[in-house]
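Here is the structure we will look at.
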Protein chains: 2
Amino acid sequence: MRTTAQNAQLALLLEVAGTPKPGNVDRHREYPDLRFEQFLAGAVGALPGFELAADGEPVGASFLRAIEGMSEQRGGNTQFGAVLLTTPLVAAAGRGALSPAGAARVVDETTVADAADFYRSFDAVDVAVEDPPEGLEPLDVRRGSDAVPAIEERELTLEGVMDRSTDRDGIAREWVGGFERTFRAAAAIRDREGPVTDRAAAVFLELLAEEPDTFVATKHDRETARRVTERAATARDGDVDPETLAEEFVAEGINPGTTADLVAGGLFVALERGLDV
Amino acid sequence: MRTTAQNAQLALLLEVAGTPKPGNVDRHREYPDLRFEQFLAGAVGALPGFELAADGEPVGASFLRAIEGMSEQRGGNTQFGAVLLTTPLVAAAGRGALSPAGAARVVDETTVADAADFYRSFDAVDVAVEDPPEGLEPLDVRRGSDAVPAIEERELTLEGVMDRSTDRDGIAREWVGGFERTFRAAAAIRDREGPVTDRAAAVFLELLAEEPDTFVATKHDRETARRVTERAATARDGDVDPETLAEEFVAEGINPGTTADLVAGGLFVALERGLDV
């Protein structure tokens, strides 16, 4: 039997192996400076952090350990969002409470120390984020550990940090909303048939067609993210070949990374609930 | 820094991701009953066994644990040979002696208990092997743990078991020959440039062109294995597109699995010696 932490590692691997996953690195597509093999190394390195989370260690420290391990490759940010989404779910599973309510409890119990470790994780890797709202520059995550005094002064918990980002970050929305789309993705993966990576790719398209990807909105703008959603819907409905869409998105530099993160979280939940590989 | 055990896990992942690797499952090719995703799960499951080997636990018990973990997926034998080749190298690295001499010492020190655990690993997974020579039916590995009394009665060490198979098994030949081809593969991988998975695929072709694959000889016959070597040489020399050869081998049911195992072992050694991903 795989452990909870092993299922989290396997979820990262299955996510990146699913193809076609228009715009993202997958088994058939990669970028010169962000390669499939670097996602494999990222998943290898993330495991010890997942083990801490499953063992009941603080979510922030577990996440920091996972990101430090994930970063031991030359591609930079491979799975930051997927690890951020999955870590509280691993913690909930470690308590025997992998449910929306159990995950919400993990989030609710996060502390200022968790928030500080979350900020420290940005020292290990460059992550694309939007500029903070005016007046909140001291809390810019890109400051990494330099921002920790500001976090401590404001007594911000990790839940509080996430709560401030829900308007522009789909991962934060999951954190404070009981991981609604993640659990729905898990059910969709389990309901489908065939190879797990094919199911993951199909569910990726469904999720992308349903709601704009916040990583695309950050990297480009909201209008681009909205149009990506419409184009994903045409592929989901069979009017466009997903492989064609994949080529187009790669050419346009569109990588719906947040949607991929949701699939990774969904795969983890599905594996914990008995999905066979 | 990745641990030694993590490097062994990453080696399994990089090996299966390399493409084209004519005849074997890789990132672009799989069989309906043996899928890419099952190799990912196999690598996830093998790690705890590698951790035992790196920590100085007996090679046989470590190998058994790795194979039990590897087998937690529906594809059956994904990486038996790769794990068998890599485990003594992990043990040598754990002692700070990852060299042909250090690995030979690990092999030399194997016991009857190691041999018994090696046989027990066949309870977890079906492995294609040749019938044993006449009179040696009690030592048929396919008997798994049922053969342990015969092993103990004959006081066979794991080195002794390997020594009896060198004429028909390329992994056994590495075990008793100081892992000569494995260390050579590691050097070839390090000397090349470009993505690691591309290097691994190129070295696979070189190794296959150099010596008949014993898994092909077991599954088909020696003449087929010899012809596969000649065809690999034409691809290595640029006279045939390796992608074409890959399609042909898949169609003919030819999977040079032992050569893939050597690449996995070579990747492990290269990673331990500082290969960046």
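Identifiers in this document derive from the order of the structure tokens: chains are assigned A, B, ..., residues are numbered from 1 separately in each chain, and ligands are numbered from 1 in order of occurrence.
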Practice task
List every residue of stretch 152-216 of chain B that DSSP, applied to the backbone of this structure, places in helix (DSSP H, G or I), and write the result as a PyMOL selection string.
Solution key: chain B and resi 152-153+158-163+170-176+180-191+196-210+214-216
Keeping only C-alpha atoms, write the selected residues to a file as a short mmCIF file (atom, residue, chain, number, x, y, z; two decimals), in the first residue's frame.
```
data_model
loop_
_atom_site.label_atom_id
_atom_site.label_comp_id
_atom_site.auth_asym_id
_atom_site.auth_seq_id
_atom_site.Cartn_x
_atom_site.Cartn_y
_atom_site.Cartn_z
CA GLU B 152 19.37 -22.66 2.24
CA GLU B 153 20.21 -26.34 1.87
CA LEU B 158 22.93 -14.01 -3.79
CA GLU B 159 26.27 -13.67 -5.53
CA GLY B 160 26.17 -17.43 -6.08
CA VAL B 161 22.68 -17.19 -7.57
CA MET B 162 23.81 -14.47 -9.96
CA ASP B 163 26.95 -16.37 -10.87
CA GLY B 170 22.80 -9.39 -18.62
CA ILE B 171 21.94 -8.14 -15.13
CA ALA B 172 23.65 -11.11 -13.49
CA ARG B 173 26.67 -10.43 -15.70
CA GLU B 174 26.87 -6.90 -14.33
CA TRP B 175 26.51 -8.15 -10.75
CA VAL B 176 29.47 -10.49 -10.98
CA GLU B 180 31.35 -2.65 -16.16
CA ARG B 181 28.71 -1.68 -18.74
CA THR B 182 26.70 0.29 -16.15
CA PHE B 183 29.65 2.51 -15.21
CA ARG B 184 30.45 2.92 -18.90
CA ALA B 185 26.83 3.98 -19.54
CA ALA B 186 27.11 6.52 -16.73
CA ALA B 187 30.20 8.07 -18.33
CA ALA B 188 28.50 8.16 -21.74
CA ILE B 189 25.46 9.94 -20.26
CA ARG B 190 27.65 12.52 -18.55
CA ASP B 191 29.77 13.10 -21.66
CA VAL B 196 19.07 14.10 -19.73
CA THR B 197 16.26 11.98 -21.18
CA ASP B 198 17.63 12.52 -24.71
CA ARG B 199 21.08 11.44 -23.54
CA ALA B 200 19.59 8.35 -21.93
CA ALA B 201 17.79 7.41 -25.16
CA ALA B 202 21.00 7.82 -27.18
CA VAL B 203 23.02 5.69 -24.76
CA PHE B 204 20.28 3.05 -24.83
CA LEU B 205 20.78 2.72 -28.58
CA GLU B 206 24.57 2.50 -28.20
CA LEU B 207 24.32 -0.25 -25.60
CA LEU B 208 21.75 -2.17 -27.65
CA ALA B 209 23.95 -1.96 -30.75
CA GLU B 210 26.91 -3.26 -28.79
CA THR B 214 19.26 -10.97 -22.82
CA PHE B 215 15.59 -10.16 -22.17
CA VAL B 216 14.94 -10.37 -25.93
#
```
Please, can I see chain B fitted onto chain A by all in-order Cα atoms (least squares), as a CSV table (one decimal) with C-alpha atoms, in the first residue's frame?
```csv
chain,number,residue,atom,x,y,z
B,1,MET,CA,0.0,0.0,0.0
B,2,ARG,CA,1.3,3.4,-1.0
B,3,THR,CA,1.5,5.9,1.9
B,4,THR,CA,-0.4,9.2,1.8
B,5,ALA,CA,2.9,11.0,1.0
B,6,GLN,CA,3.6,8.6,-1.8
B,7,ASN,CA,0.2,9.2,-3.2
B,8,ALA,CA,0.9,12.9,-3.3
B,9,GLN,CA,4.2,12.3,-5.1
B,10,LEU,CA,2.4,10.0,-7.6
B,11,ALA,CA,-0.3,12.7,-8.1
B,12,LEU,CA,2.4,15.2,-9.2
B,13,LEU,CA,3.9,12.6,-11.6
B,14,LEU,CA,0.5,11.5,-13.1
B,15,GLU,CA,-0.5,15.2,-13.6
B,16,VAL,CA,2.5,16.1,-15.7
B,17,ALA,CA,2.3,12.8,-17.7
B,18,GLY,CA,-1.3,13.5,-18.8
B,19,THR,CA,-1.5,14.6,-22.4
B,20,PRO,CA,-2.7,16.7,-24.2
B,21,LYS,CA,-2.9,19.3,-21.5
B,22,PRO,CA,-3.1,22.4,-23.7
B,23,GLY,CA,-0.4,24.9,-22.9
B,24,ASN,CA,1.4,23.1,-20.2
B,25,VAL,CA,4.4,20.8,-20.0
B,26,ASP,CA,3.3,17.2,-20.5
B,27,ARG,CA,4.6,13.9,-21.7
B,28,HIS,CA,4.6,15.2,-25.3
B,29,ARG,CA,5.4,18.9,-24.9
B,30,GLU,CA,8.0,20.9,-23.1
B,31,TYR,CA,9.8,24.2,-23.3
B,32,PRO,CA,13.6,24.5,-23.8
B,33,ASP,CA,13.9,26.0,-20.3
B,34,LEU,CA,11.2,24.0,-18.6
B,35,ARG,CA,11.4,20.3,-19.4
B,36,PHE,CA,9.4,17.2,-18.5
B,37,GLU,CA,12.4,15.7,-16.7
B,38,GLN,CA,12.5,18.7,-14.4
B,39,PHE,CA,9.0,17.9,-13.3
B,40,LEU,CA,10.1,14.3,-12.5
B,41,ALA,CA,12.9,15.7,-10.4
B,42,GLY,CA,10.5,18.1,-8.7
B,43,ALA,CA,8.2,15.3,-7.7
B,44,VAL,CA,11.1,13.3,-6.3
B,45,GLY,CA,12.3,16.3,-4.3
B,46,ALA,CA,8.8,17.2,-2.9
B,47,LEU,CA,8.2,13.9,-1.1
B,48,PRO,CA,10.0,14.6,2.2
B,49,GLY,CA,7.8,17.7,2.6
B,50,PHE,CA,4.7,15.6,2.0
B,51,GLU,CA,5.9,13.1,4.6
B,52,LEU,CA,6.1,15.9,7.2
B,53,ALA,CA,2.6,17.0,6.4
B,54,ALA,CA,1.2,13.5,6.6
B,55,ASP,CA,3.0,13.1,10.0
B,56,GLY,CA,1.2,16.1,11.5
B,57,GLU,CA,4.0,18.6,11.2
B,58,PRO,CA,2.9,22.2,10.6
B,59,VAL,CA,1.6,22.9,7.1
B,60,GLY,CA,4.0,25.8,6.5
B,61,ALA,CA,7.1,23.9,7.5
B,62,SER,CA,6.0,20.9,5.4
B,63,PHE,CA,5.3,23.1,2.4
B,64,LEU,CA,8.7,24.9,2.8
B,65,ARG,CA,10.5,21.5,2.9
B,66,ALA,CA,8.6,20.3,-0.2
B,67,ILE,CA,9.4,23.4,-2.2
B,68,GLU,CA,13.1,23.3,-1.2
B,69,GLY,CA,13.2,19.7,-2.5
B,70,MET,CA,11.1,20.5,-5.6
B,71,SER,CA,13.6,23.2,-6.5
B,72,GLU,CA,16.6,20.9,-6.8
B,73,GLN,CA,16.5,21.0,-10.6
B,74,ARG,CA,17.3,23.6,-13.2
B,75,GLY,CA,13.8,24.4,-14.5
B,76,GLY,CA,12.8,26.7,-11.6
B,77,ASN,CA,9.1,26.6,-10.6
B,78,THR,CA,7.8,23.3,-11.7
B,79,GLN,CA,5.1,22.4,-9.2
B,80,PHE,CA,4.8,25.3,-6.7
B,81,GLY,CA,1.0,25.6,-7.0
B,82,ALA,CA,0.4,21.9,-7.1
B,83,VAL,CA,2.4,21.4,-3.9
B,84,LEU,CA,0.6,24.4,-2.3
B,85,LEU,CA,-2.8,23.0,-3.1
B,86,THR,CA,-1.9,19.4,-2.1
B,87,THR,CA,-0.1,20.0,1.2
B,88,PRO,CA,-3.1,20.8,3.3
B,89,LEU,CA,-5.0,17.9,1.8
B,90,VAL,CA,-2.1,15.6,2.7
B,91,ALA,CA,-2.3,17.0,6.3
B,92,ALA,CA,-6.0,16.3,6.4
B,93,ALA,CA,-5.4,12.8,5.1
B,94,GLY,CA,-2.8,12.3,7.7
B,95,ARG,CA,-5.4,13.0,10.3
B,96,GLY,CA,-7.8,10.6,8.6
B,97,ALA,CA,-10.0,13.5,7.6
B,98,LEU,CA,-9.6,13.9,3.9
B,99,SER,CA,-12.9,15.8,3.2
B,100,PRO,CA,-13.8,19.4,2.4
B,101,ALA,CA,-14.5,19.9,6.1
B,102,GLY,CA,-11.3,18.2,7.2
B,103,ALA,CA,-9.2,20.2,4.8
B,104,ALA,CA,-11.0,23.4,5.9
B,105,ARG,CA,-10.1,22.6,9.5
B,106,VAL,CA,-6.4,22.3,8.5
B,107,VAL,CA,-6.5,25.7,6.8
B,108,ASP,CA,-8.4,27.2,9.8
B,109,GLU,CA,-5.7,26.1,12.2
B,110,THR,CA,-2.8,27.6,10.3
B,111,THR,CA,-0.7,30.0,12.3
B,112,VAL,CA,1.6,33.0,11.8
B,113,ALA,CA,4.5,30.6,11.8
B,114,ASP,CA,2.9,28.8,8.8
B,115,ALA,CA,2.6,32.1,7.0
B,116,ALA,CA,6.3,32.9,7.7
B,117,ASP,CA,7.4,29.5,6.2
B,118,PHE,CA,5.1,30.1,3.2
B,119,TYR,CA,7.0,33.4,2.6
B,120,ARG,CA,10.3,31.7,3.1
B,121,SER,CA,9.5,29.2,0.3
B,122,PHE,CA,9.7,32.1,-2.2
B,123,ASP,CA,13.5,32.3,-1.4
B,124,ALA,CA,13.9,28.9,-3.1
B,125,VAL,CA,12.1,29.6,-6.4
B,126,ASP,CA,10.8,32.4,-8.6
B,127,VAL,CA,7.0,32.3,-8.9
B,128,ALA,CA,5.0,34.5,-11.2
B,129,VAL,CA,2.6,36.7,-9.1
B,130,GLU,CA,0.9,40.0,-9.6
B,131,ASP,CA,2.1,43.2,-7.9
B,132,PRO,CA,0.4,43.6,-4.5
B,133,PRO,CA,-2.3,46.2,-4.0
B,134,GLU,CA,-1.1,49.7,-3.2
B,135,GLY,CA,0.0,50.0,0.5
B,136,LEU,CA,0.6,46.2,0.8
B,137,GLU,CA,4.1,46.2,-0.8
B,138,PRO,CA,5.7,45.0,2.5
B,139,LEU,CA,3.6,41.8,2.1
B,140,ASP,CA,4.8,41.1,-1.5
B,141,VAL,CA,5.5,37.4,-1.5
B,142,ARG,CA,8.4,37.9,-3.8
B,143,ARG,CA,10.2,39.5,-0.9
B,144,GLY,CA,10.4,36.0,0.6
B,145,SER,CA,11.9,35.8,4.1
B,146,ASP,CA,12.5,39.6,4.1
B,147,ALA,CA,8.7,39.9,4.5
B,148,VAL,CA,8.5,37.8,7.6
B,149,PRO,CA,8.8,40.7,10.1
B,150,ALA,CA,5.9,42.4,8.3
B,151,ILE,CA,3.8,39.1,8.5
B,152,GLU,CA,4.6,38.7,12.2
B,153,GLU,CA,3.9,42.4,13.0
B,154,ARG,CA,0.4,42.1,11.4
B,155,GLU,CA,-0.1,38.6,13.0
B,156,LEU,CA,-1.2,37.2,9.6
B,157,THR,CA,-1.9,33.4,9.6
B,158,LEU,CA,-1.4,31.4,6.4
B,159,GLU,CA,-5.2,31.3,6.1
B,160,GLY,CA,-5.1,35.1,6.3
B,161,VAL,CA,-2.5,35.3,3.6
B,162,MET,CA,-4.6,33.1,1.3
B,163,ASP,CA,-7.8,35.0,2.1
B,164,ARG,CA,-6.2,38.2,0.7
B,165,SER,CA,-5.5,36.6,-2.6
B,166,THR,CA,-8.8,34.9,-3.5
B,167,ASP,CA,-9.6,37.6,-6.1
B,168,ARG,CA,-6.6,36.8,-8.2
B,169,ASP,CA,-5.4,33.3,-7.3
B,170,GLY,CA,-7.3,30.1,-7.9
B,171,ILE,CA,-5.2,28.1,-5.4
B,172,ALA,CA,-6.0,30.6,-2.6
B,173,ARG,CA,-9.7,30.3,-3.6
B,174,GLU,CA,-9.5,26.5,-3.0
B,175,TRP,CA,-7.7,27.0,0.3
B,176,VAL,CA,-10.4,29.2,1.8
B,177,GLY,CA,-13.3,27.5,0.0
B,178,GLY,CA,-13.0,23.9,1.2
B,179,PHE,CA,-11.2,22.8,-2.0
B,180,GLU,CA,-14.5,22.6,-3.8
B,181,ARG,CA,-13.1,22.3,-7.3
B,182,THR,CA,-10.4,19.9,-6.2
B,183,PHE,CA,-12.8,17.4,-4.7
B,184,ARG,CA,-15.0,17.8,-7.8
B,185,ALA,CA,-12.0,17.0,-10.0
B,186,ALA,CA,-11.2,13.9,-7.9
B,187,ALA,CA,-14.8,12.6,-8.5
B,188,ALA,CA,-14.6,13.3,-12.2
B,189,ILE,CA,-11.3,11.4,-12.5
B,190,ARG,CA,-12.7,8.5,-10.6
B,191,ASP,CA,-15.9,8.4,-12.7
B,192,ARG,CA,-14.0,8.2,-16.0
B,193,GLU,CA,-12.6,5.1,-17.4
B,194,GLY,CA,-9.3,4.2,-19.1
B,195,PRO,CA,-5.7,5.1,-18.3
B,196,VAL,CA,-5.4,7.5,-15.4
B,197,THR,CA,-3.3,10.1,-17.3
B,198,ASP,CA,-5.9,10.2,-20.1
B,199,ARG,CA,-8.6,10.9,-17.4
B,200,ALA,CA,-6.5,13.6,-15.9
B,201,ALA,CA,-6.0,15.3,-19.3
B,202,ALA,CA,-9.8,15.2,-20.0
B,203,VAL,CA,-10.6,16.6,-16.5
B,204,PHE,CA,-8.0,19.4,-17.1
B,205,LEU,CA,-9.9,20.5,-20.2
B,206,GLU,CA,-13.2,20.4,-18.3
B,207,LEU,CA,-11.9,22.6,-15.5
B,208,LEU,CA,-10.2,25.0,-17.9
B,209,ALA,CA,-13.5,25.3,-19.9
B,210,GLU,CA,-15.4,26.1,-16.7
B,211,GLU,CA,-13.5,29.0,-15.1
B,212,PRO,CA,-10.6,31.3,-16.2
B,213,ASP,CA,-7.2,30.2,-15.2
B,214,THR,CA,-5.7,32.7,-12.7
B,215,PHE,CA,-2.1,31.9,-13.8
B,216,VAL,CA,-3.0,32.9,-17.3
B,217,ALA,CA,-4.7,36.1,-16.0
B,218,THR,CA,-1.5,36.9,-14.0
B,219,LYS,CA,0.9,36.3,-16.8
B,220,HIS,CA,-1.2,37.9,-19.5
B,221,ASP,CA,-4.5,39.5,-18.5
B,222,ARG,CA,-8.1,38.6,-17.5
B,223,GLU,CA,-9.4,39.0,-21.1
B,224,THR,CA,-6.8,36.5,-22.3
B,225,ALA,CA,-7.8,34.1,-19.5
B,226,ARG,CA,-11.5,34.5,-20.5
B,227,ARG,CA,-10.8,33.7,-24.1
B,228,VAL,CA,-8.7,30.7,-23.1
B,229,THR,CA,-11.7,29.3,-21.3
B,230,GLU,CA,-13.9,29.7,-24.4
B,231,ARG,CA,-11.4,27.9,-26.6
B,232,ALA,CA,-11.0,25.1,-24.0
B,233,ALA,CA,-14.8,24.7,-24.1
B,234,THR,CA,-14.7,24.2,-27.9
B,235,ALA,CA,-12.1,21.4,-27.4
B,236,ARG,CA,-14.1,19.9,-24.5
B,237,ASP,CA,-17.2,19.8,-26.8
B,238,GLY,CA,-15.3,18.1,-29.6
B,239,ASP,CA,-15.4,21.1,-32.0
B,240,VAL,CA,-11.6,21.5,-31.9
B,241,ASP,CA,-8.9,18.8,-31.5
B,242,PRO,CA,-7.3,19.3,-28.1
B,243,GLU,CA,-3.9,18.5,-29.8
B,244,THR,CA,-4.5,21.5,-32.1
B,245,LEU,CA,-5.3,23.7,-29.1
B,246,ALA,CA,-2.2,22.5,-27.4
B,247,GLU,CA,0.0,23.6,-30.3
B,248,GLU,CA,-1.7,27.0,-30.4
B,249,PHE,CA,-1.4,27.6,-26.7
B,250,VAL,CA,2.3,26.6,-26.7
B,251,ALA,CA,2.9,29.0,-29.7
B,252,GLU,CA,1.1,31.8,-27.8
B,253,GLY,CA,2.9,31.2,-24.5
B,254,ILE,CA,-0.3,30.4,-22.7
B,255,ASN,CA,0.2,27.9,-19.8
B,256,PRO,CA,-2.9,27.4,-17.7
B,257,GLY,CA,-0.9,26.4,-14.6
B,258,THR,CA,-3.5,26.8,-11.9
B,259,THR,CA,-5.8,24.4,-13.7
B,260,ALA,CA,-3.0,21.9,-13.8
B,261,ASP,CA,-2.6,22.3,-10.1
B,262,LEU,CA,-6.2,21.6,-9.5
B,263,VAL,CA,-5.8,18.3,-11.4
B,264,ALA,CA,-2.8,17.3,-9.3
B,265,GLY,CA,-4.9,17.9,-6.2
B,266,GLY,CA,-7.7,16.0,-7.6
B,267,LEU,CA,-5.4,13.1,-8.5
B,268,PHE,CA,-4.2,13.0,-4.9
B,269,VAL,CA,-7.7,12.8,-3.5
B,270,ALA,CA,-8.7,10.2,-6.1
B,271,LEU,CA,-5.6,8.0,-5.2
B,272,GLU,CA,-6.3,8.3,-1.5
B,273,ARG,CA,-9.9,7.2,-2.2
B,274,GLY,CA,-8.7,4.0,-4.0
B,275,LEU,CA,-8.1,5.0,-7.7
B,276,ASP,CA,-6.0,2.2,-9.2
B,277,VAL,CA,-3.0,2.9,-11.5
```
